[in-house]
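See below for the structure under consideration.
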Amino acid sequence: MKVGLLTREYPPDVYGGAGVHVEFLSRELRALTQLDVHCWGTQGPESTGGPGGSGSPGDPDGADAVARHRAWSALDTANDALRTLSVDLSMAAALAGRDLVHSHTWYANLAGHVGKLLHGIPHVLTSHSLEPLRPWKAEQLGGGYAVSCWAERTAVEAADAVIAVSGAMRADILSCYPAVDPARVHVVHNGIDTALYEPDPGTGALRRLGIDPRDPYVLFVGRITRQKGVPHLLRAARQLDRGVQLVLCAGAPDTPEIDQEFRALFEELSRARGGVHWIPRMLPRPEVVQLLSHATVFVCPSVYEPLGIVNLEAMACGTAVVASRVGGIPEVVADGTTGLLVPYDQRDPERFEHDLGRALNRLATDPGRAAAMGTAGRCRAEREFGWDAVARRTVEVYEDVLKAT
């Protein structure tokens, strides 16, 4: 089976959960399909050049076929949504000879849809989030948000199969896009590599980053976006016990406005108390694993989260999780067993921040209970979320689609 996998993110340019999903899914799919990956980028001889560009797939390491596509240079100063569409056209043009195309996120969904029409092949789409449920993106994309919503709707409604990363995500898809036949929407949860993400007893990275491993700390890892709820966390952290550190591994702000809001709240919290650490860059995976391993509590304050793969990463490292009860998070974090879930209501953010602060304190000041939850989380990650199972279930969707067409 010849499969073209379409994505914005692919190593070394992975910045979010969808990129992590594609990275590990593609690794497992290589053993089950003849796979080539089409992603954004300009690195190496395998790059392609937008409309009219050329380039042959081929990873320098020989492990995978990878074609990197860049936006049309004539659109360098255009809205980001238009630049995305130009990358999509380049990807679609490169899909000749594939039996099936599989796209991830709106950044590549339209490429899958056009590839389906152009080459007469089925299109499978994995939905990691939904544009209608992320209205704050209008702040980032301006009028391009209307374009991204149109691209996603067009692709989802025409796809031969839609994969949702959680049961909650499936419900959201059917709610946002009622024209979609429910029989075409399949749930395949995200996964975790528990060999890469496992407890690390070392503390060298912590000390280099100025974090005292002798004192408990709450850890956040993620982008500075409205979706991830970082401003809520900074306000909730005002309640943290003075002996508890807060570590924010946070970067890539969506907009100047959210960046300014984050910085103001961070500075306010830093003036009021010590032990507040901000790491404003992406760290290598081994350093993130060490941060996760030694955190007393990992926090995920998202206001929208189809699954929350970072919670799986924390659990695999043996760390208790405090997270908002939204989207697919309850399908990962077992409330009271592997962590604590905090209800979120957008109409009452102050209540959420108060309850989040209380939940963080309950575990951060009770390391024995937190450790027990971390152990339970590690067991759950190993038992239920292996990437090999995710890949097998994905190939089953491919096979069903090919039989139907």
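A note on labels: chains of the structure tokens are A, B, ... as shown, every chain counts residues from 1, and ligands are counted from 1 in their shown order.
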
Taking the DSSP assignment computed from this structure's backbone, write out as a ChimeraX atom specification all residues of range 143-311 of chain A that belong to helix (DSSP H, G or I). /A:144-158,167-176,182-184,204-208,230-239,256-272,285-294,309-311

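For range 29-37 of chain A, the set of protein, DNA and RNA residues having any atom at most 6 Å away, when counting only C-alpha atoms and skipping those fewer than 3 positions along the same chain, is Met1, Lys2, Val3, Gly4, Leu5, Ser26, Ala65, Val66 and Ala391 of chain A.
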
Counting only C-alpha atoms, the option among A:Ala74, A:Leu356, A:Cys317, A:Val310 closest to His21 in chain A: A:Val310

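If you measure from each of A:Gly377, A:Pro301, A:Gly120, A:Pro349 to Gly336 in chain A using only C-alpha atoms, the closest one turns out to be A:Gly377.
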
So which residues touch Tyr344 in chain A within 10 Å, counting only C-alpha atoms, skipping near sequence neighbours fewer than 4 positions away, as a PDB file with C-alpha atoms, in the first residue's frame?
ATOM      1  CA  PRO A 301      -4.501  24.318  31.855  1.00  0.00           C
ATOM      2  CA  SER A 302      -5.833  24.127  28.269  1.00  0.00           C
ATOM      3  CA  VAL A 303      -9.207  25.641  27.473  1.00  0.00           C
ATOM      4  CA  TYR A 304      -9.496  23.397  24.396  1.00  0.00           C
ATOM      5  CA  ALA A 323      -5.354  19.309  33.934  1.00  0.00           C
ATOM      6  CA  SER A 324      -8.520  21.056  32.846  1.00  0.00           C
ATOM      7  CA  ARG A 325     -11.509  18.802  32.278  1.00  0.00           C
ATOM      8  CA  VAL A 326     -11.953  19.655  28.595  1.00  0.00           C
ATOM      9  CA  ASP A 348     -16.259  31.879  34.926  1.00  0.00           C
ATOM     10  CA  PRO A 349     -12.483  31.944  34.388  1.00  0.00           C
ATOM     11  CA  GLU A 350     -11.836  33.191  37.942  1.00  0.00           C
ATOM     12  CA  ARG A 351     -13.423  30.034  39.376  1.00  0.00           C
ATOM     13  CA  PHE A 352     -11.259  27.884  37.103  1.00  0.00           C
ATOM     14  CA  GLU A 353      -8.107  29.699  38.183  1.00  0.00           C
ATOM     15  CA  ASP A 355      -9.787  25.632  41.521  1.00  0.00           C
ATOM     16  CA  LEU A 356      -6.654  25.045  39.427  1.00  0.00           C
TER      17      LEU A 356
END

List as a PyMOL selection string the protein and nucleic acid residues near Arg83 in chain A, meaning an atom at most 12 Å away when only C-alpha atoms are counted, but skip any in the same chain fewer than 2 places from it. chain A and resi 40+50-51+69-81+85-90+107-108+141+144+147-148

Any chance you could list, as a VMD selection string, the residues in range 335-365 of chain A that come up strand (DSSP E) when DSSP is run on the backbone? chain A and resid 339 to 343

Residues of the last selection are to be written out with C-alpha atoms, as a PDB file, in the first residue's frame.
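Okay, this is what ended up in again01.pdb:
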ATOM      1  CA  GLY A 339      -3.978  13.068  38.462  1.00  0.00           C
ATOM      2  CA  LEU A 340      -6.686  15.635  39.127  1.00  0.00           C
ATOM      3  CA  LEU A 341      -9.083  17.229  36.649  1.00  0.00           C
ATOM      4  CA  VAL A 342     -10.389  20.773  37.087  1.00  0.00           C
ATOM      5  CA  PRO A 343     -13.689  21.806  35.415  1.00  0.00           C
TER       6      PRO A 343
END

Option closest in space to Glu268 in chain A, from A:Arg242, A:Arg235, A:Pro280, A:Gly142 [counting only C-alpha atoms]: A:Arg235

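Closest approach to Arg8 in chain A among A:Ile163, A:Cys39, A:Leu360, A:Val22: A:Cys39, based on only C-alpha atoms.
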
Excluding Gly167 in chain A and its own-chain neighbours fewer than 2 positions away, which residues fall within 10 Å of it when counting only C-alpha atoms? Please give them as a ChimeraX atom specification. /A:164-165,169-173,186-189,306-307,327-328,331

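The shortest atom-to-atom distance to Tyr217 in chain A, with only C-alpha atoms taken into account, belongs to A:Leu248 out of A:Ala404, A:Ala205, A:Ala272, A:Leu248.
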
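Here CA of Pro256 in chain A stands at a distance of 25.3 Å from CA of Trp150 in chain A.
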
Which neighbours of Phe266 in chain A fall inside 9 Å, counting only C-alpha atoms, when residues of the same chain fewer than 2 positions from it are skipped, and could you give them as a ChimeraX atom specification? /A:231,234,261-264,268-271,276,278

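One distance worth recording is that between CA of Gly19 in chain A and CA of Leu402 in chain A, which is 25.7 Å.
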
Excluding Leu291 in chain A and residues on its chain fewer than 5 positions from it, collect all residues at most 12 Å away from it, counting only C-alpha atoms, and give them as a CSV table (one decimal) with N, CA and C atoms, in the first residue's frame.
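selection19.csv was written with the following content:
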chain,number,residue,atom,x,y,z
A,197,TYR,N,10.1,8.2,26.5
A,197,TYR,CA,9.6,8.9,27.7
A,197,TYR,C,9.5,8.0,28.8
A,198,GLU,N,10.5,8.0,29.7
A,198,GLU,CA,10.5,7.2,30.9
A,198,GLU,C,11.3,8.0,31.9
A,199,PRO,N,11.1,7.7,33.2
A,199,PRO,CA,11.7,8.4,34.3
A,199,PRO,C,13.2,8.5,34.1
A,200,ASP,N,13.8,9.7,34.3
A,200,ASP,CA,15.2,9.9,34.2
A,200,ASP,C,15.7,10.4,35.5
A,201,PRO,N,16.6,9.6,36.2
A,201,PRO,CA,17.1,10.0,37.5
A,201,PRO,C,18.1,11.1,37.5
A,202,GLY,N,18.6,11.5,36.4
A,202,GLY,CA,19.6,12.5,36.3
A,202,GLY,C,19.0,13.9,36.6
A,203,THR,N,19.9,14.8,37.0
A,203,THR,CA,19.4,16.2,37.3
A,203,THR,C,20.3,17.3,36.7
A,204,GLY,N,21.2,16.9,35.8
A,204,GLY,CA,22.1,17.8,35.2
A,204,GLY,C,21.4,18.9,34.5
A,205,ALA,N,20.4,18.6,33.7
A,205,ALA,CA,19.7,19.6,32.9
A,205,ALA,C,19.0,20.6,33.8
A,206,LEU,N,18.4,20.1,34.9
A,206,LEU,CA,17.7,20.9,35.9
A,206,LEU,C,18.7,22.0,36.5
A,207,ARG,N,19.8,21.5,36.9
A,207,ARG,CA,20.8,22.4,37.5
A,207,ARG,C,21.3,23.5,36.5
A,208,ARG,N,21.5,23.0,35.2
A,208,ARG,CA,21.9,24.0,34.2
A,208,ARG,C,20.8,25.1,33.9
A,209,LEU,N,19.6,24.7,34.1
A,209,LEU,CA,18.4,25.6,33.9
A,209,LEU,C,18.1,26.4,35.2
A,210,GLY,N,18.8,26.2,36.2
A,210,GLY,CA,18.6,27.0,37.5
A,210,GLY,C,17.5,26.5,38.3
A,211,ILE,N,17.1,25.2,38.2
A,211,ILE,CA,16.0,24.7,38.9
A,211,ILE,C,16.6,23.8,40.0
A,212,ASP,N,16.1,24.0,41.2
A,212,ASP,CA,16.6,23.3,42.4
A,212,ASP,C,15.8,22.0,42.5
A,213,PRO,N,16.5,20.8,42.2
A,213,PRO,CA,15.8,19.5,42.2
A,213,PRO,C,15.4,19.1,43.6
A,216,PRO,N,10.1,20.9,45.5
A,216,PRO,CA,9.0,20.5,44.6
A,216,PRO,C,8.8,21.6,43.5
A,217,TYR,N,8.3,21.1,42.3
A,217,TYR,CA,8.0,22.1,41.3
A,217,TYR,C,6.8,21.6,40.5
A,218,VAL,N,6.1,22.6,40.0
A,218,VAL,CA,5.0,22.4,39.0
A,218,VAL,C,5.5,22.8,37.7
A,219,LEU,N,5.3,21.9,36.7
A,219,LEU,CA,5.9,22.1,35.4
A,219,LEU,C,4.8,22.3,34.3
A,220,PHE,N,5.0,23.3,33.4
A,220,PHE,CA,4.2,23.5,32.2
A,220,PHE,C,5.1,23.4,31.0
A,221,VAL,N,4.7,22.6,30.0
A,221,VAL,CA,5.4,22.5,28.7
A,221,VAL,C,4.4,22.8,27.6
A,246,LEU,N,7.6,27.1,40.3
A,246,LEU,CA,6.8,27.0,39.0
A,246,LEU,C,7.8,27.1,37.9
A,247,VAL,N,7.8,26.1,37.0
A,247,VAL,CA,8.7,26.0,35.8
A,247,VAL,C,7.8,26.1,34.5
A,248,LEU,N,8.1,27.1,33.7
A,248,LEU,CA,7.3,27.3,32.5
A,248,LEU,C,8.3,27.1,31.3
A,249,CYS,N,8.1,26.0,30.7
A,249,CYS,CA,8.9,25.7,29.4
A,249,CYS,C,7.9,26.1,28.3
A,279,ILE,N,11.6,29.2,30.8
A,279,ILE,CA,12.5,28.7,29.8
A,279,ILE,C,11.8,29.0,28.4
A,283,LEU,N,13.4,22.9,24.2
A,283,LEU,CA,14.5,22.1,24.7
A,283,LEU,C,14.6,20.8,23.9
A,284,PRO,N,15.8,20.2,23.9
A,284,PRO,CA,15.9,18.8,23.3
A,284,PRO,C,15.1,17.8,24.1
A,285,ARG,N,14.6,16.8,23.5
A,285,ARG,CA,13.7,15.9,24.1
A,285,ARG,C,14.3,15.3,25.4
A,286,PRO,N,15.6,14.9,25.5
A,286,PRO,CA,16.1,14.4,26.8
A,286,PRO,C,16.0,15.4,27.9
A,296,THR,N,7.1,17.5,40.5
A,296,THR,CA,6.1,17.0,41.4
A,296,THR,C,4.7,16.8,40.7
A,297,VAL,N,4.4,17.8,39.9
A,297,VAL,CA,3.1,17.9,39.2
A,297,VAL,C,3.4,18.5,37.9
A,298,PHE,N,2.7,17.9,36.8
A,298,PHE,CA,2.7,18.5,35.5
A,298,PHE,C,1.3,19.1,35.4
A,313,GLU,N,3.0,12.2,27.8
A,313,GLU,CA,4.4,12.3,28.0
A,313,GLU,C,4.7,12.4,29.5
A,314,ALA,N,4.0,13.3,30.2
A,314,ALA,CA,4.2,13.4,31.6
A,314,ALA,C,3.9,12.1,32.4
A,317,CYS,N,6.6,9.6,32.1
A,317,CYS,CA,7.7,9.9,32.9
A,317,CYS,C,7.5,9.7,34.4
A,318,GLY,N,6.3,9.2,34.7
A,318,GLY,CA,6.0,8.9,36.1
A,318,GLY,C,5.6,10.1,36.9
A,319,THR,N,4.9,11.1,36.3
A,319,THR,CA,4.5,12.3,37.0
A,319,THR,C,3.0,12.5,37.0

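If only C-alpha atoms are the atoms counted, then among A:Pro178, A:Gly368, A:Pro132, A:Gly275 the closest residue to Arg238 in chain A is A:Gly275.
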
Atom pair CA of Thr225 in chain A + CA of Asp193 in chain A, distance 25.8 Å
